[in-house]
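Structure data (TSV, C-alpha atoms and all ligand atoms) from model.tsv:
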```tsv
chain	number	residue	atom	x	y	z
A	207	ASP	CA	0.00	0.00	0.00
A	208	SER	CA	1.95	2.99	-1.22
A	209	ILE	CA	1.51	5.97	-3.49
A	210	LYS	CA	3.76	8.42	-5.31
A	211	VAL	CA	2.60	12.04	-5.29
A	212	PHE	CA	3.70	15.04	-7.34
A	213	ALA	CA	3.23	18.26	-5.37
A	214	PRO	CA	3.51	21.40	-7.52
A	215	GLY	CA	5.14	24.68	-6.69
A	216	THR	CA	2.73	27.60	-6.41
A	217	VAL	CA	2.70	31.37	-6.70
A	218	ALA	CA	0.81	33.00	-3.83
A	219	ASN	CA	-0.20	36.66	-3.51
A	220	VAL	CA	-0.86	36.94	-7.25
A	221	ALA	CA	-0.19	40.72	-7.42
A	222	CYS	CA	-3.24	42.42	-5.89
A	223	GLY	CA	-4.38	39.16	-4.23
A	224	PHE	CA	-2.24	39.17	-1.07
A	225	ASP	CA	-3.14	36.10	1.01
A	226	VAL	CA	-6.11	35.33	-1.28
A	227	ILE	CA	-5.14	34.53	-4.89
A	228	GLY	CA	-2.69	31.77	-5.81
A	229	LEU	CA	-1.80	29.67	-8.84
A	230	ALA	CA	-0.23	26.25	-9.41
A	231	LEU	CA	2.86	25.65	-11.57
A	232	ASP	CA	3.70	22.66	-13.77
A	233	ALA	CA	7.24	22.75	-12.48
A	234	PRO	CA	9.13	22.72	-10.25
A	235	GLY	CA	7.40	20.32	-7.89
A	236	ASP	CA	8.25	17.94	-5.07
A	237	GLU	CA	7.74	14.21	-5.12
A	238	MET	CA	6.77	12.10	-2.18
A	239	ILE	CA	6.27	8.41	-1.57
A	240	ILE	CA	3.69	7.64	1.08
A	241	ARG	CA	3.37	4.16	2.54
A	242	ARG	CA	0.85	2.70	4.92
A	243	SER	CA	2.43	1.63	8.19
A	244	GLU	CA	1.54	-0.74	11.02
A	245	VAL	CA	2.66	1.96	13.43
A	246	PRO	CA	-0.17	4.42	14.11
A	247	GLY	CA	0.42	8.10	13.35
A	248	VAL	CA	2.80	9.65	10.88
A	249	ARG	CA	6.54	9.22	10.44
A	250	ILE	CA	8.83	11.13	8.07
A	251	SER	CA	11.32	8.46	6.98
A	252	ALA	CA	13.59	10.72	4.89
A	253	VAL	CA	13.85	14.12	3.24
A	254	HIS	CA	16.06	14.24	0.15
A	255	GLY	CA	17.31	17.50	-1.32
A	256	ALA	CA	16.82	19.77	1.71
A	257	ASP	CA	17.83	19.88	5.34
A	258	LEU	CA	14.45	19.66	7.06
A	259	PRO	CA	13.36	18.14	10.38
A	260	LEU	CA	12.29	14.47	10.39
A	261	GLU	CA	10.37	14.76	13.64
A	262	ALA	CA	6.72	14.73	12.52
A	263	SER	CA	5.59	17.53	14.82
A	264	ARG	CA	8.34	19.82	13.42
A	265	ASN	CA	7.86	18.86	9.77
A	266	VAL	CA	5.11	20.60	7.76
A	267	ALA	CA	4.04	17.37	6.04
A	268	GLY	CA	3.93	15.62	9.41
A	269	VAL	CA	1.85	18.34	11.01
A	270	ALA	CA	-0.60	18.45	8.09
A	271	VAL	CA	-1.13	14.67	8.23
A	272	GLN	CA	-1.49	14.81	12.02
A	273	ALA	CA	-4.34	17.32	11.54
A	274	LEU	CA	-6.00	14.96	9.06
A	275	LEU	CA	-5.61	11.93	11.34
A	276	GLN	CA	-7.07	13.82	14.27
A	277	LYS	CA	-10.22	14.44	12.24
A	278	LEU	CA	-10.28	10.85	10.92
A	279	GLU	CA	-10.52	9.38	14.40
A	280	ASP	CA	-9.03	6.02	13.41
A	281	PRO	CA	-6.43	5.28	16.08
A	282	LYS	CA	-4.87	2.51	13.94
A	283	ALA	CA	-4.11	4.57	10.84
A	284	GLY	CA	-0.37	4.90	10.25
A	285	PHE	CA	1.75	6.36	7.43
A	286	GLU	CA	5.37	6.78	6.50
A	287	ILE	CA	6.41	9.61	4.18
A	288	GLU	CA	9.58	9.96	2.09
A	289	ILE	CA	10.03	13.43	0.61
A	290	PHE	CA	12.07	14.41	-2.46
A	291	LYS	CA	12.40	18.21	-2.39
A	292	ASN	CA	12.83	20.00	-5.70
A	293	ILE	CA	11.38	23.29	-4.47
A	294	HIS	CA	13.92	25.12	-2.39
A	295	PRO	CA	12.67	26.06	1.12
A	296	GLY	CA	12.41	29.84	1.43
A	297	SER	CA	12.13	30.32	-2.34
A	298	GLY	CA	8.69	31.95	-2.38
A	299	ILE	CA	7.25	29.28	-4.65
A	300	GLY	CA	5.40	27.33	-2.03
A	301	SER	CA	7.97	24.84	-0.80
A	302	SER	CA	6.27	24.20	2.54
A	303	ALA	CA	2.85	24.20	0.86
A	304	ALA	CA	3.94	21.50	-1.59
A	305	SER	CA	5.04	19.22	1.26
A	306	SER	CA	1.89	19.86	3.29
A	307	ALA	CA	-0.46	19.56	0.33
A	308	GLY	CA	1.19	16.50	-1.22
A	309	ALA	CA	1.16	14.67	2.10
A	310	VAL	CA	-2.54	15.14	2.83
A	311	VAL	CA	-3.58	14.40	-0.78
A	312	GLY	CA	-1.55	11.17	-0.76
A	313	VAL	CA	-2.75	10.00	2.66
A	314	ASN	CA	-6.35	10.79	1.71
A	315	LEU	CA	-6.03	8.68	-1.46
A	316	LEU	CA	-4.59	5.74	0.48
A	317	LEU	CA	-7.52	6.00	2.90
A	318	GLY	CA	-10.07	5.83	0.05
A	319	GLU	CA	-10.72	9.58	-0.02
A	320	PRO	CA	-12.76	10.20	3.16
A	321	PHE	CA	-12.13	13.95	2.77
A	322	SER	CA	-12.91	16.34	-0.07
A	323	ARG	CA	-10.11	18.36	-1.66
A	324	LYS	CA	-11.39	21.50	0.05
A	325	GLN	CA	-11.30	19.77	3.44
A	326	LEU	CA	-7.69	18.82	2.73
A	327	VAL	CA	-6.81	22.51	2.35
A	328	ARG	CA	-7.70	23.03	6.02
A	329	PHE	CA	-5.28	20.27	7.12
A	330	ALA	CA	-2.49	21.49	4.83
A	331	MET	CA	-2.85	24.99	6.30
A	332	GLU	CA	-1.55	23.58	9.60
A	333	GLY	CA	1.75	22.95	7.79
A	334	GLU	CA	1.77	26.61	6.74
A	335	ARG	CA	1.11	27.68	10.30
A	336	LEU	CA	4.20	25.76	11.40
A	337	ALA	CA	6.33	27.15	8.56
A	338	SER	CA	5.41	30.81	8.72
A	339	GLY	CA	3.41	31.42	11.87
A	340	ALA	CA	0.30	32.17	9.78
A	341	ALA	CA	-2.09	29.54	8.43
A	342	HIS	CA	-2.43	31.20	5.05
A	343	ALA	CA	-4.07	29.17	2.26
A	344	ASP	CA	-3.00	30.92	-0.94
A	345	ASN	CA	-0.27	28.32	-1.62
A	346	VAL	CA	-1.90	25.14	-0.34
A	347	ALA	CA	-5.24	25.82	-2.10
A	348	PRO	CA	-3.77	25.95	-5.63
A	349	ALA	CA	-1.37	23.08	-4.79
A	350	ILE	CA	-4.41	20.91	-3.96
A	351	LEU	CA	-7.09	22.25	-6.31
A	352	GLY	CA	-4.86	23.26	-9.27
A	353	GLY	CA	-5.01	26.36	-11.50
A	354	PHE	CA	-5.94	29.69	-9.92
A	355	THR	CA	-7.70	29.72	-6.55
A	356	LEU	CA	-9.29	32.40	-4.42
A	357	VAL	CA	-9.68	32.49	-0.65
A	358	ARG	CA	-12.86	34.51	-0.17
A	359	SER	CA	-12.69	34.21	3.60
A	360	TYR	CA	-10.46	32.64	6.25
A	361	ARG	CA	-13.14	32.65	8.97
A	362	PRO	CA	-15.04	30.64	7.99
A	363	LEU	CA	-12.71	29.13	5.42
A	364	ASP	CA	-14.27	29.67	1.98
A	365	ILE	CA	-12.12	28.74	-0.99
A	366	THR	CA	-13.04	28.59	-4.64
A	367	ALA	CA	-11.22	27.44	-7.77
A	368	LEU	CA	-11.10	30.07	-10.54
A	369	HIS	CA	-11.05	29.70	-14.30
A	370	THR	CA	-7.54	29.48	-15.77
A	371	PRO	CA	-7.12	30.74	-19.35
A	372	LYS	CA	-5.38	28.06	-21.44
A	373	ASP	CA	-2.83	30.40	-22.94
A	374	LEU	CA	-1.66	31.93	-19.67
A	375	TRP	CA	1.97	31.14	-18.82
A	376	VAL	CA	4.14	32.11	-15.92
A	377	THR	CA	7.87	32.82	-15.70
A	378	VAL	CA	9.45	32.73	-12.25
A	379	ILE	CA	12.91	33.86	-11.25
A	380	HIS	CA	14.26	32.58	-7.96
A	381	PRO	CA	17.23	34.60	-6.71
A	382	GLN	CA	19.13	32.31	-4.33
A	383	ILE	CA	18.86	34.54	-1.30
A	384	GLU	CA	16.72	33.71	1.70
A	385	VAL	CA	13.63	35.66	2.68
A	386	LYS	CA	11.72	34.15	5.58
A	387	THR	CA	7.93	34.41	5.22
A	388	SER	CA	7.65	35.23	8.93
A	389	ASP	CA	10.07	38.19	8.49
A	390	ALA	CA	8.34	39.32	5.30
A	391	ARG	CA	5.02	39.35	7.19
A	392	GLU	CA	6.50	41.18	10.14
A	393	ILE	CA	7.48	44.23	8.07
A	394	LEU	CA	3.96	44.78	6.73
A	395	LYS	CA	1.78	47.57	8.05
A	396	GLN	CA	-1.35	46.49	9.89
A	397	LYS	CA	-3.49	49.32	8.47
A	398	VAL	CA	-4.13	50.37	4.89
A	399	LEU	CA	-5.31	53.64	3.43
A	400	MET	CA	-8.84	53.75	2.06
A	401	THR	CA	-7.56	55.03	-1.31
A	402	ASP	CA	-5.16	52.04	-1.56
A	403	ALA	CA	-7.87	49.61	-0.48
A	404	ILE	CA	-10.21	50.88	-3.20
A	405	ARG	CA	-7.55	50.45	-5.85
A	406	GLN	CA	-6.63	46.99	-4.57
A	407	TRP	CA	-10.15	45.54	-4.50
A	408	GLY	CA	-10.85	47.04	-7.90
A	409	ASN	CA	-7.83	45.15	-9.19
A	410	VAL	CA	-8.79	41.88	-7.46
A	411	GLY	CA	-12.29	41.94	-8.92
A	412	ALA	CA	-10.99	42.81	-12.36
A	413	LEU	CA	-8.31	40.12	-12.25
A	414	VAL	CA	-10.97	37.49	-11.53
A	415	ALA	CA	-13.18	38.90	-14.30
A	416	GLY	CA	-10.18	38.92	-16.66
A	417	LEU	CA	-9.48	35.24	-15.95
A	418	TYR	CA	-13.08	34.26	-16.71
A	419	GLN	CA	-13.30	36.45	-19.82
A	420	GLU	CA	-9.83	35.29	-20.93
A	421	ASN	CA	-9.28	39.00	-21.40
A	422	TYR	CA	-5.50	39.36	-21.32
A	423	ASP	CA	-5.59	43.17	-21.40
A	424	LEU	CA	-7.81	43.28	-18.35
A	425	ILE	CA	-5.59	40.72	-16.59
A	426	SER	CA	-2.59	42.89	-17.43
A	427	ARG	CA	-4.17	46.07	-16.06
A	428	SER	CA	-5.18	44.28	-12.85
A	429	LEU	CA	-1.73	42.92	-12.00
A	430	GLU	CA	-0.95	45.73	-9.59
A	431	ASP	CA	-0.36	45.64	-5.84
A	432	VAL	CA	-0.34	49.01	-4.09
A	433	ILE	CA	-0.32	47.62	-0.55
A	434	VAL	CA	2.25	44.86	-0.02
A	435	GLU	CA	4.67	45.12	-2.95
A	436	PRO	CA	5.91	48.64	-2.13
A	437	ILE	CA	7.08	47.34	1.26
A	438	ARG	CA	8.37	43.88	0.40
A	439	SER	CA	10.09	44.80	-2.87
A	440	ILE	CA	13.00	46.33	-0.94
A	441	LEU	CA	14.03	42.76	-0.04
A	442	ILE	CA	14.52	41.75	-3.70
A	443	PRO	CA	17.53	42.81	-5.79
A	444	ALA	CA	16.66	44.90	-8.89
A	445	PHE	CA	12.93	44.28	-8.42
A	446	HIS	CA	11.67	47.39	-10.19
A	447	GLU	CA	14.04	47.11	-13.12
A	448	LEU	CA	13.16	43.44	-13.49
A	449	LYS	CA	9.44	44.16	-13.60
A	450	LEU	CA	9.80	47.06	-16.00
A	451	ARG	CA	12.06	45.20	-18.42
A	452	CYS	CA	9.80	42.10	-18.39
A	453	LYS	CA	6.78	44.24	-19.22
A	454	GLU	CA	8.71	45.90	-22.05
A	455	ALA	CA	9.51	42.38	-23.28
A	456	GLY	CA	5.78	41.61	-23.47
A	457	ALA	CA	4.84	40.26	-20.02
A	458	LEU	CA	1.28	41.04	-18.91
A	459	GLY	CA	2.58	41.95	-15.47
A	460	GLY	CA	3.54	40.23	-12.26
A	461	GLY	CA	4.98	40.79	-8.84
A	462	ILE	CA	6.57	39.09	-5.86
A	463	SER	CA	5.91	35.36	-5.72
A	464	GLY	CA	4.64	34.56	-2.24
A	465	SER	CA	6.74	36.42	0.28
A	466	GLY	CA	9.73	36.42	-2.10
A	467	PRO	CA	12.53	36.41	-3.06
A	468	SER	CA	11.06	34.86	-6.24
A	469	VAL	CA	9.38	37.16	-8.75
A	470	PHE	CA	6.72	35.96	-11.21
A	471	MET	CA	5.53	37.37	-14.51
A	472	LEU	CA	2.46	36.24	-16.44
A	473	SER	CA	2.47	36.07	-20.24
A	474	LYS	CA	0.12	35.18	-23.03
A	475	GLY	CA	1.63	32.11	-24.68
A	476	GLU	CA	4.81	30.11	-24.25
A	477	GLU	CA	6.89	32.18	-26.67
A	478	SER	CA	6.27	35.34	-24.69
A	479	ALA	CA	6.99	33.54	-21.39
A	480	ARG	CA	10.35	32.36	-22.78
A	481	LYS	CA	11.20	35.88	-23.97
A	482	VAL	CA	10.47	37.10	-20.45
A	483	ALA	CA	12.85	34.41	-19.14
A	484	ASP	CA	15.59	35.77	-21.45
A	485	THR	CA	14.95	39.28	-20.15
A	486	MET	CA	15.14	38.08	-16.54
A	487	ASN	CA	18.50	36.55	-17.42
A	488	GLN	CA	19.75	39.81	-18.89
A	489	VAL	CA	18.75	41.76	-15.79
A	490	TYR	CA	20.10	39.27	-13.27
A	491	ALA	CA	23.28	37.96	-14.95
A	492	PRO	CA	25.33	41.12	-14.13
A	493	LEU	CA	24.19	41.25	-10.48
A	494	GLY	CA	26.40	38.46	-9.17
A	495	VAL	CA	23.46	36.77	-7.42
A	496	ASP	CA	22.81	33.09	-8.22
A	497	TYR	CA	19.33	32.45	-9.56
A	498	LYS	CA	17.08	29.94	-11.30
A	499	ILE	CA	14.36	30.62	-13.84
A	500	TYR	CA	11.27	28.47	-14.48
A	501	VAL	CA	8.81	28.74	-17.35
A	502	SER	CA	5.53	26.99	-16.70
A	503	GLN	CA	1.95	26.69	-17.80
A	504	ILE	CA	-0.65	27.17	-15.06
A	505	ASN	CA	-2.33	23.87	-14.25
B	601	LIG	N1	0.46	34.97	1.48
B	601	LIG	C1	1.68	34.52	2.10
B	601	LIG	C2	2.53	35.73	2.47
B	601	LIG	C3	2.41	33.64	1.13
B	601	LIG	O1	2.83	36.52	1.61
B	601	LIG	O2	2.91	35.88	3.62
B	601	LIG	C4	3.73	33.14	1.60
B	601	LIG	O3	4.29	32.30	0.60
```
Written as structure tokens, that's how I'd like the structure from this file.
Amino acid sequence: DSIKVFAPGTVANVACGFDVIGLALDAPGDEMIIRRSEVPGVRISAVHGADLPLEASRNVAGVAVQALLQKLEDPKAGFEIEIFKNIHPGSGIGSSAASSAGAVVGVNLLLGEPFSRKQLVRFAMEGERLASGAAHADNVAPAILGGFTLVRSYRPLDITALHTPKDLWVTVIHPQIEVKTSDAREILKQKVLMTDAIRQWGNVGALVAGLYQENYDLISRSLEDVIVEPIRSILIPAFHELKLRCKEAGALGGGISGSGPSVFMLSKGEESARKVADTMNQVYAPLGVDYKIYVSQIN
């Protein structure tokens, strides 16, 4: 009784959608092998590719599965998880979310799917709470449901999948510097100006409309964040130049991926997304910072 799971990377905070809009990538993604075990509870047998705790209560996958098992109320259920990390922790492309989401999806499948995908989001959020101190859902929801997702409300939790235009591609650059989500949350202001709020919710509504209408111009105009990006962008080398040059190269727009340091840009079509990747290279190559670039469809 075992299963192999692919857990995709995700882009949270899609521009104006801080903590509410996320999207799932084709790549990179983690892989995990989950086996049923005679020993009740959850055990992390190994983590390959990253230095992460094996103790279940300190591992995001372990904590997410513990939340699921608590709800299941079957004292005999036991699982062993082996994790192959391809998404770098602290990259801003949902590394902890991939582990949490993949683990609960895999365990649920081995159990015969007692929980719906939306219920699984709730369990995976416990992994996010451990990783960042905040149980945000804008990475785990797209990792579990796929495509674009929207968190309408956290209390009560109300999540919906959004339409994903077929020709929408994403280019992500991951500068190899570390930005901790908890630190990137700490620097945010707790109050926003009414004028900024109006602009932000106008953009969120229009982004959702743009996705449904497959209206790339409207999507492009809506990819603006006047609340979080001005504060967090100081943590990312050459952020403004990067964004400007990518837009000149044809990107629809973009912003900080999750809490950074990764930056994402959306494009119409693969060709445009690859051109944006070339531009990212041109901007970053002279900086002397190591980086990786991913081009992906949204799935
Ligand atoms: N919405 C979260 C934040 C995502 O920005 O803090 C973290 O990846």
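Straight-line separation from CA of Leu275 (chain A) to CA of Gly247 (chain A): 7.4 Å.
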I'd like the neighbourhood of Gln382 (chain A) as a short mmCIF file (atom, residue, chain, number, x, y, z; two decimals) with C-alpha atoms, keeping the file's coordinate frame, where a residue qualifies if any of its atoms comes within 7 Å (using all atoms listed in the file), though same-chain residues fewer than 4 positions away should be ignored.
```
data_model
loop_
_atom_site.label_atom_id
_atom_site.label_comp_id
_atom_site.auth_asym_id
_atom_site.auth_seq_id
_atom_site.Cartn_x
_atom_site.Cartn_y
_atom_site.Cartn_z
CA VAL A 495 23.46 36.77 -7.42
CA ASP A 496 22.81 33.09 -8.22
CA TYR A 497 19.33 32.45 -9.56
#
```
Would you mind listing the residues within 8 Å of ligand LIG 601 (chain B), counting only C-alpha atoms and all ligand atoms, as a ChimeraX atom specification? /A:217-219,224-226,298-300,338,340,342-345,387-388,390-391,463-466
Nearby residues (all atoms listed in the file) at most 12 Å from Gly494 (chain A), same-chain spacing under 6 positions excluded, as a tab-separated table (two decimals) with C-alpha atoms, keeping the file's coordinate frame:
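Dumped to result15.tsv:
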```tsv
chain	number	residue	atom	x	y	z
A	381	PRO	CA	17.23	34.60	-6.71
A	382	GLN	CA	19.13	32.31	-4.33
A	383	ILE	CA	18.86	34.54	-1.30
A	443	PRO	CA	17.53	42.81	-5.79
A	444	ALA	CA	16.66	44.90	-8.89
A	487	ASN	CA	18.50	36.55	-17.42
A	488	GLN	CA	19.75	39.81	-18.89
```
How far is it from CA of Asp373 (chain A) to CA of Ser302 (chain A), in Å with one decimal?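 Pair CA of Asp373 (chain A) / CA of Ser302 (chain A) returns 27.8 Å.
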One-decimal distance in Å that lies between CA of Ala403 (chain A) and CA of Lys449 (chain A):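 Distance between the two atoms: 22.4 Å.
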Put a box with edges along x, y and z around all the listed atoms of region 377-380 of chain A, pad it by 4 Å on each side, then give me its centre and sizes in Å, one decimal, as lines of an AutoDock Vina configuration file.
```
center_x = 11.1
center_y = 33.2
center_z = -11.8
size_x = 14.4
size_y = 9.3
size_z = 15.7
```
I'd like the neighbourhood of region 374-380 of chain A as a count of residues only, where a residue qualifies if any of its atoms comes within 10 Å (using all atoms listed in the file), though same-chain residues fewer than 3 positions away should be ignored. 56
Just checking: using all atoms listed in the file, which residue out of A:Leu317, A:Ala283, A:Leu424, A:Ala270 ends up closest to Ala303 (chain A)? A:Ala270
Give me the residues near Val269 (chain A) as a PyMOL selection string, where near means some atom within 8 Å (using only C-alpha atoms) and where sequence neighbours in that chain fewer than 6 positions away do not count. chain A and resi 262-263+306+332-333+336
With distances taken over only C-alpha atoms, which of A:Gly223, A:Gly228, A:Gly255, A:Pro281 is nearest to Gly352 (chain A)? A:Gly228
Determine the nearest neighbour of Lys386 (chain A) from the options A:Val357, A:His369, A:Leu450, A:Ser301, counting only C-alpha atoms.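 Of A:Val357, A:His369, A:Leu450, A:Ser301, the one nearest Lys386 (chain A), counting only C-alpha atoms, is A:Ser301.
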Neighbours of Ile365 (chain A) within 9 Å (all atoms listed in the file; same-chain residues fewer than 2 positions away dropped), as number ranges by chain? A: 226, 324, 327, 343, 347, 355-360, 363, 367
From the list A:Leu429, A:Ile209, A:Val271, A:Ile227, which residue is nearest Pro246 (chain A) when using all atoms listed in the file?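 Counting all atoms listed in the file, the residue closest to Pro246 (chain A) is A:Val271.
The residue that comes closest to Gly416 (chain A), out of A:Ser322, A:Ser428, A:Thr216, A:Gln276 and on the basis of only C-alpha atoms, is A:Ser428.
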Of the candidates A:Glu288, A:Asp257, A:Asp402, A:Glu319, which shows the shortest atom-to-atom distance to Glu237 (chain A), using all atoms listed in the file?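 That would be A:Glu288, the residue with the smallest distance to Glu237 (chain A).
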